[in-house]
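Engineer: So I've got this file, data_20.csv, and it contains CSV, C-alpha atoms:
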```csv
chain,number,residue,atom,x,y,z
M,1,MET,CA,41.0,88.8,197.4
M,2,SER,CA,39.6,86.0,195.2
M,3,SER,CA,38.5,86.4,191.6
M,4,ALA,CA,34.9,86.9,192.8
M,5,HIS,CA,33.3,90.2,191.9
M,6,THR,CA,33.3,92.8,194.7
M,7,ASP,CA,30.8,95.4,195.6
M,8,ALA,CA,32.1,98.6,197.2
M,9,ARG,CA,29.2,98.6,199.7
M,10,ASN,CA,29.1,94.9,200.5
M,11,GLY,CA,32.4,93.2,199.9
M,12,PRO,CA,33.1,90.1,197.8
M,13,ARG,CA,30.1,88.8,195.8
M,14,LEU,CA,28.3,85.8,197.3
M,15,PHE,CA,26.0,83.8,195.0
M,16,ASN,CA,22.8,82.2,196.3
M,17,ARG,CA,19.9,80.1,195.2
M,18,ILE,CA,17.2,82.0,197.2
M,19,ALA,CA,15.1,82.9,194.1
M,20,VAL,CA,15.0,79.2,193.0
M,21,LEU,CA,14.1,77.9,196.5
M,22,ARG,CA,11.5,80.6,196.9
M,23,ALA,CA,9.9,79.8,193.5
M,24,GLU,CA,9.9,76.1,194.2
M,25,ARG,CA,7.9,76.7,197.4
M,26,GLN,CA,5.6,79.2,195.5
M,27,LEU,CA,6.3,81.9,198.0
M,28,SER,CA,6.1,85.6,197.2
M,29,ARG,CA,8.9,88.0,198.2
M,30,SER,CA,6.6,89.4,200.9
M,31,ASP,CA,5.9,85.9,202.3
M,32,LEU,CA,9.6,85.1,202.5
M,33,ALA,CA,10.4,88.6,203.9
M,34,SER,CA,7.8,88.2,206.7
M,35,ALA,CA,9.1,84.7,207.5
M,36,LEU,CA,12.7,85.9,207.8
M,37,ASP,CA,11.7,89.2,209.5
M,38,ILE,CA,13.4,91.4,206.8
M,39,SER,CA,12.0,93.8,204.2
M,40,TYR,CA,10.8,92.6,200.8
M,41,GLN,CA,13.3,94.9,199.2
M,42,THR,CA,16.1,93.1,201.0
M,43,VAL,CA,14.8,89.8,199.6
M,44,GLY,CA,15.2,91.4,196.1
M,45,TYR,CA,18.7,92.5,196.9
M,46,LEU,CA,19.6,89.0,198.2
M,47,GLU,CA,18.1,87.3,195.1
M,48,ARG,CA,20.1,89.6,192.8
M,49,ASP,CA,23.3,88.8,194.7
M,50,GLU,CA,23.6,92.5,195.5
M,51,PHE,CA,23.6,92.0,199.3
M,52,ASN,CA,25.6,89.6,201.4
M,53,PRO,CA,23.7,88.5,204.4
M,54,SER,CA,25.2,88.1,207.9
M,55,LEU,CA,26.0,84.6,209.1
M,56,GLU,CA,23.0,84.8,211.4
M,57,LEU,CA,20.6,85.7,208.5
M,58,ALA,CA,22.2,83.0,206.3
M,59,PHE,CA,21.5,80.4,208.9
M,60,ARG,CA,17.9,81.7,209.3
M,61,ILE,CA,17.4,81.3,205.5
M,62,SER,CA,19.0,77.8,205.6
M,63,GLU,CA,16.7,76.8,208.5
M,64,PHE,CA,13.6,78.2,206.8
M,65,PHE,CA,14.2,76.3,203.5
M,66,GLY,CA,15.5,73.2,205.4
M,67,VAL,CA,18.6,72.8,203.3
M,68,PRO,CA,22.3,73.2,204.3
M,69,ILE,CA,23.8,76.6,204.1
M,70,GLU,CA,26.3,75.5,201.4
M,71,ALA,CA,23.4,74.5,199.2
M,72,ILE,CA,22.1,78.0,199.3
M,73,PHE,CA,25.3,80.2,199.3
M,74,SER,CA,28.5,79.9,197.3
M,75,ARG,CA,31.5,82.0,196.5
M,76,SER,CA,31.3,80.9,192.9
M,77,ALA,CA,28.3,81.0,190.5
M,78,PHE,CA,26.0,78.1,190.8
M,79,THR,CA,25.2,75.8,187.8
M,80,PRO,CA,21.4,75.5,187.3
M,81,MET,CA,19.8,73.1,189.7
M,82,SER,CA,18.2,71.2,186.8
M,83,THR,CA,21.6,70.6,185.2
M,84,GLN,CA,23.0,69.4,188.5
M,85,LEU,CA,20.1,67.0,189.0
M,86,TYR,CA,20.4,65.7,185.5
M,87,GLU,CA,24.1,65.1,185.9
M,88,LYS,CA,23.6,63.3,189.2
M,89,SER,CA,20.9,61.1,187.8
M,90,ARG,CA,23.1,60.3,184.8
M,91,ARG,CA,26.0,59.3,187.1
M,92,GLU,CA,23.7,57.1,189.2
M,93,GLY,CA,22.3,55.5,186.1
M,94,THR,CA,18.7,56.4,186.7
M,95,ILE,CA,18.5,58.3,183.3
M,96,HIS,CA,19.4,56.5,180.1
M,97,GLU,CA,20.2,58.3,176.9
W,1,MET,CA,1.2,108.4,204.5
W,2,ASN,CA,-0.7,107.6,201.3
W,3,ASN,CA,0.0,109.2,197.9
W,4,ASP,CA,-2.8,111.8,198.3
W,5,ALA,CA,-1.5,112.9,201.6
W,6,ARG,CA,2.0,113.1,200.2
W,7,LEU,CA,0.8,115.4,197.4
W,8,LEU,CA,-0.2,117.9,200.1
W,9,TRP,CA,3.5,118.5,200.5
W,10,PHE,CA,3.5,119.5,196.8
W,11,ILE,CA,6.4,117.4,195.7
W,12,PRO,CA,5.9,113.9,194.2
W,13,VAL,CA,9.0,111.9,194.9
W,14,ASP,CA,8.4,108.5,193.3
W,15,THR,CA,11.5,108.4,191.2
W,16,ARG,CA,15.2,108.9,191.9
W,17,SER,CA,15.4,112.0,189.7
W,18,ARG,CA,12.5,113.5,191.6
W,19,ARG,CA,14.1,112.7,194.9
W,20,ARG,CA,17.3,114.3,193.7
W,21,GLY,CA,15.2,117.3,192.7
W,22,LEU,CA,13.8,117.4,196.2
W,23,VAL,CA,17.3,117.4,197.7
W,24,VAL,CA,18.3,120.2,195.5
W,25,ALA,CA,15.1,122.2,196.3
W,26,PHE,CA,15.7,121.6,200.0
W,27,TYR,CA,19.3,123.0,200.0
W,28,ALA,CA,18.4,125.7,197.6
W,29,SER,CA,15.6,126.9,200.0
W,30,VAL,CA,18.1,126.7,202.9
W,31,ALA,CA,20.6,128.9,200.9
W,32,LEU,CA,17.8,131.3,199.8
W,33,GLY,CA,16.7,131.6,203.5
W,34,CYS,CA,20.3,132.5,204.5
W,35,LEU,CA,20.6,135.0,201.6
W,36,PHE,CA,17.4,136.8,202.6
W,37,SER,CA,18.6,136.8,206.2
W,38,LEU,CA,21.8,138.5,205.1
W,39,LEU,CA,19.9,141.0,202.8
W,40,ILE,CA,17.6,142.0,205.7
W,41,HIS,CA,20.7,143.2,207.6
W,42,SER,CA,22.3,145.0,204.7
W,43,HIS,CA,19.2,147.1,203.6
W,44,SER,CA,17.2,149.5,205.6
W,45,ARG,CA,14.5,150.5,203.1
W,46,PRO,CA,11.2,149.4,204.5
W,47,SER,CA,9.8,148.3,201.1
W,48,ALA,CA,12.8,146.1,200.5
W,49,LEU,CA,12.7,144.8,204.0
W,50,VAL,CA,9.1,143.6,203.6
W,51,GLY,CA,10.1,141.7,200.5
W,52,TYR,CA,13.2,140.1,202.1
W,53,TYR,CA,11.1,139.0,205.2
W,54,ALA,CA,8.5,137.6,202.8
W,55,GLY,CA,11.2,135.8,200.9
W,56,MET,CA,12.8,134.4,204.1
W,57,VAL,CA,9.4,133.1,205.3
W,58,ALA,CA,8.7,131.6,201.9
W,59,SER,CA,12.0,129.8,201.8
W,60,LEU,CA,11.5,128.6,205.4
W,61,LEU,CA,8.2,127.1,204.4
W,62,SER,CA,9.7,125.5,201.3
W,63,TRP,CA,12.6,124.2,203.6
W,64,CYS,CA,10.1,122.6,206.0
W,65,ALA,CA,8.0,121.1,203.1
W,66,CYS,CA,11.0,119.6,201.4
W,67,TYR,CA,12.4,118.2,204.6
W,68,ARG,CA,9.1,116.7,205.6
W,69,SER,CA,8.8,115.0,202.1
W,70,LEU,CA,12.4,113.8,202.4
W,71,VAL,CA,11.8,112.2,205.8
W,72,GLN,CA,8.5,110.6,204.7
W,73,LEU,CA,10.1,109.1,201.6
W,74,LEU,CA,12.9,107.6,203.7
W,75,ARG,CA,10.4,106.2,206.1
W,76,ASP,CA,8.8,104.4,203.2
W,77,TYR,CA,12.2,102.8,202.5
W,78,GLY,CA,12.4,101.9,206.2
W,79,LEU,CA,15.6,103.9,206.5
W,80,VAL,CA,14.5,106.5,209.0
W,81,GLY,CA,12.2,106.5,211.9
W,82,GLY,CA,12.2,104.7,215.2
W,83,HIS,CA,14.1,106.1,218.2
W,84,THR,CA,15.7,102.8,219.3
W,85,LEU,CA,18.7,101.3,217.6
W,86,HIS,CA,17.7,98.8,214.8
W,87,ALA,CA,14.1,99.7,215.3
W,88,SER,CA,12.2,97.9,212.5
W,89,ARG,CA,15.1,97.9,210.2
W,90,ASP,CA,16.8,94.8,208.8
W,91,GLU,CA,20.5,94.4,208.5
W,92,ARG,CA,20.7,95.7,204.8
W,93,GLN,CA,18.8,98.8,205.8
W,94,GLU,CA,21.1,99.3,208.7
W,95,GLN,CA,24.0,98.9,206.4
W,96,VAL,CA,22.6,101.5,204.0
W,97,ARG,CA,22.0,103.9,206.9
W,98,HIS,CA,25.5,103.5,208.2
W,99,ALA,CA,27.0,104.0,204.8
W,100,ALA,CA,24.9,107.2,204.4
W,101,TYR,CA,26.2,108.5,207.8
W,102,VAL,CA,29.8,107.9,206.8
W,103,ARG,CA,29.3,109.7,203.5
W,104,ALA,CA,27.6,112.6,205.2
W,105,TYR,CA,30.4,112.8,207.7
W,106,TRP,CA,33.0,113.1,204.9
W,107,ILE,CA,30.9,115.7,203.1
W,108,LEU,CA,30.5,117.7,206.3
W,109,MET,CA,34.2,117.4,207.2
W,110,THR,CA,35.1,118.6,203.7
W,111,LEU,CA,32.8,121.6,204.2
W,112,VAL,CA,34.2,122.3,207.7
W,113,CYS,CA,37.8,122.0,206.4
W,114,ALA,CA,37.1,124.2,203.4
W,115,THR,CA,35.5,126.9,205.6
W,116,SER,CA,38.3,126.7,208.1
W,117,ALA,CA,40.8,127.1,205.2
W,118,VAL,CA,39.0,130.2,204.0
W,119,PHE,CA,39.0,131.8,207.5
W,120,LEU,CA,42.7,130.8,208.1
W,121,SER,CA,43.7,132.6,205.0
W,122,ASP,CA,42.7,135.8,206.8
W,123,ALA,CA,43.1,134.6,210.4
W,124,ALA,CA,43.3,138.1,212.0
W,125,SER,CA,39.8,139.1,211.1
W,126,ALA,CA,38.3,135.6,211.0
W,127,ILE,CA,36.8,135.4,214.5
W,128,PRO,CA,35.3,138.9,214.5
W,129,ARG,CA,33.8,138.2,211.1
W,130,LEU,CA,32.5,134.9,212.2
W,131,THR,CA,30.8,136.2,215.3
W,132,SER,CA,29.5,139.4,213.6
W,133,GLY,CA,28.1,137.1,210.9
W,134,PHE,CA,25.9,135.3,213.4
W,135,ILE,CA,24.7,138.4,215.4
W,136,GLY,CA,21.2,139.2,214.3
W,137,ARG,CA,21.3,136.4,211.7
W,138,PRO,CA,20.1,133.4,213.6
W,139,LEU,CA,19.1,131.6,210.4
W,140,ILE,CA,22.8,131.1,209.4
W,141,PRO,CA,23.8,129.0,212.4
W,142,VAL,CA,20.4,127.2,212.2
W,143,ALA,CA,21.1,126.4,208.6
W,144,ALA,CA,24.5,125.0,209.6
W,145,ILE,CA,22.8,122.7,212.1
W,146,VAL,CA,20.1,121.8,209.5
W,147,LEU,CA,22.9,120.9,207.1
W,148,GLY,CA,24.5,118.5,209.5
W,149,VAL,CA,21.2,116.9,210.6
W,150,SER,CA,19.8,116.5,207.1
W,151,LEU,CA,22.8,115.3,205.2
W,152,PRO,CA,22.5,111.5,205.9
W,153,SER,CA,18.8,111.7,204.7
W,154,ALA,CA,19.8,113.6,201.7
W,155,VAL,CA,22.6,111.1,200.9
W,156,ILE,CA,20.1,108.2,201.0
W,157,ALA,CA,17.6,110.1,198.9
W,158,TRP,CA,20.3,110.9,196.4
W,159,THR,CA,21.8,107.4,196.1
W,160,GLU,CA,19.1,104.8,196.7
W,161,PRO,CA,17.4,103.2,193.7
W,162,ASP,CA,13.6,103.5,193.2
W,163,LEU,CA,11.5,101.2,195.3
W,164,LYS,CA,10.2,99.4,192.2
W,165,GLU,CA,13.7,99.0,190.9
W,166,ALA,CA,14.9,97.6,194.2
W,167,ALA,CA,12.1,95.1,194.7
```
Can you present the structure in this file as structure tokens?
Structural biologist:
Amino acid sequence: MSSAHTDARNGPRLFNRIAVLRAERQLSRSDLASALDISYQTVGYLERDEFNPSLELAFRISEFFGVPIEAIFSRSAFTPMSTQLYEKSRREGTIHE
Amino acid sequence: MNNDARLLWFIPVDTRSRRRGLVVAFYASVALGCLFSLLIHSHSRPSALVGYYAGMVASLLSWCACYRSLVQLLRDYGLVGGHTLHASRDERQEQVRHAAYVRAYWILMTLVCATSAVFLSDAASAIPRLTSGFIGRPLIPVAAIVLGVSLPSAVIAWTEPDLKEAA
């Protein structure tokens, strides 16, 4: 087993960006839940990384947000999106310090 | 069922501690029902018998009220209800349900093994004692069936976090 946290009920911990993606699109948990055909409590569990979705649900989430699956789920903790964007912009030279 | 309707069943179950109280009350009423059923057969005084029958009926009513509240609560969580597989439950809820069934199976198996061990320690009189225990005391085998049927719901009610906490 990797160094990732494990949950007795749900196996190795999988990190995700669902909360950020949902907030960006100004959706409530209920909106996302009805779009994905799951309960709103399950959205809460997903956002807190307390539940690992099946591959099928992960693909549904990816299709709903229109971003690749690896941009939403990761086996290691994500760095904040703003930091990643800033780093990328710095590398590309679009931001000058 | 709305909150007012649920209060008709006497037991508010909006927090985990209250749900645990409900589980304890349910099994306590089952145990009391069995106790009264045994007492009815060991006493013949009419005045005592009336009391024991009243006690048995009261515990049966409490038993039904507790079980009804328990099932309603779990319906709110989307964890019971629906006669078809996966009916209106998502994959996390299915997972919680399966885990509860597995836990309930282990609890039940532990109880069955413990009871068998007690009977095996005195095997010669075990079968006659077991059968004579059931004759005229239908509540005891019924309670054993109720235990098996209700355990998964009780496990979920005992372990699941509050709805607000989970959201």
Engineer: Distance limit 10 Å, atoms considered: all atoms listed in the file. Which chain M residues sit that close to chain W? Return them as a list in words.
Structural biologist: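 Written out as asked, the residues are Arg9, Asn10, Arg29, Leu36, Asp37, Ile38, Ser39, Tyr40, Gln41, Thr42, Val43, Gly44, Tyr45, Leu46, Glu47, Arg48, Phe51, Asn52, Pro53, Ser54 and Leu57 of chain M.
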Engineer: I'd like to know which of W:Leu120, W:Val155, W:Val50, W:Leu139 is closest to Leu108 of chain W, using only C-alpha atoms.
Structural biologist: W:Val155
Engineer: One number please: atom CA of Gly51 of chain W to atom CA of Val149 of chain W, in Å, one decimal.
Structural biologist: 29.0 Å
Engineer: Work out how far atom CA of Ile156 of chain W is from atom CA of Glu56 of chain M, in Å to one decimal.
Structural biologist: 25.8 Å
Engineer: For atom CA of Pro46 of chain W and atom CA of Ser29 of chain W, quote the distance in Å rounded to one decimal.
Structural biologist: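 Those two atoms sit 23.4 Å apart.
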Engineer: Counting all atoms listed in the file, figure out which residue out of W:Ala31, W:Ser121, W:Val57, W:Ala104 gets nearest to Trp158 of chain W.
Structural biologist: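 Looking only at the distances to Trp158 of chain W, the closest residue turns out to be W:Ala104.
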Engineer: W:Leu70, W:Ala28, W:Leu39, W:Ala157: which is nearest Ala100 of chain W, counting only C-alpha atoms?
Structural biologist: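 Among the listed residues, W:Ala157 lies closest to Ala100 of chain W.
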Engineer: Counting all atoms listed in the file, what is within 10 Å of Glu70 of chain M, bar same-chain residues fewer than 5 positions away, as a PyMOL selection string?
Structural biologist: chain M and resi 16+58+62+75
Engineer: Can you spit out the residues from that selection as a PDB file, in the coordinates of the input, using C-alpha atoms?
Structural biologist:
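Output (again31.pdb):
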```pdb
ATOM      1  CA  ASN M  16      22.800  82.200 196.300  1.00  0.00           C
ATOM      2  CA  ALA M  58      22.200  83.000 206.300  1.00  0.00           C
ATOM      3  CA  SER M  62      19.000  77.800 205.600  1.00  0.00           C
ATOM      4  CA  ARG M  75      31.500  82.000 196.500  1.00  0.00           C
TER       5      ARG M  75
END
```
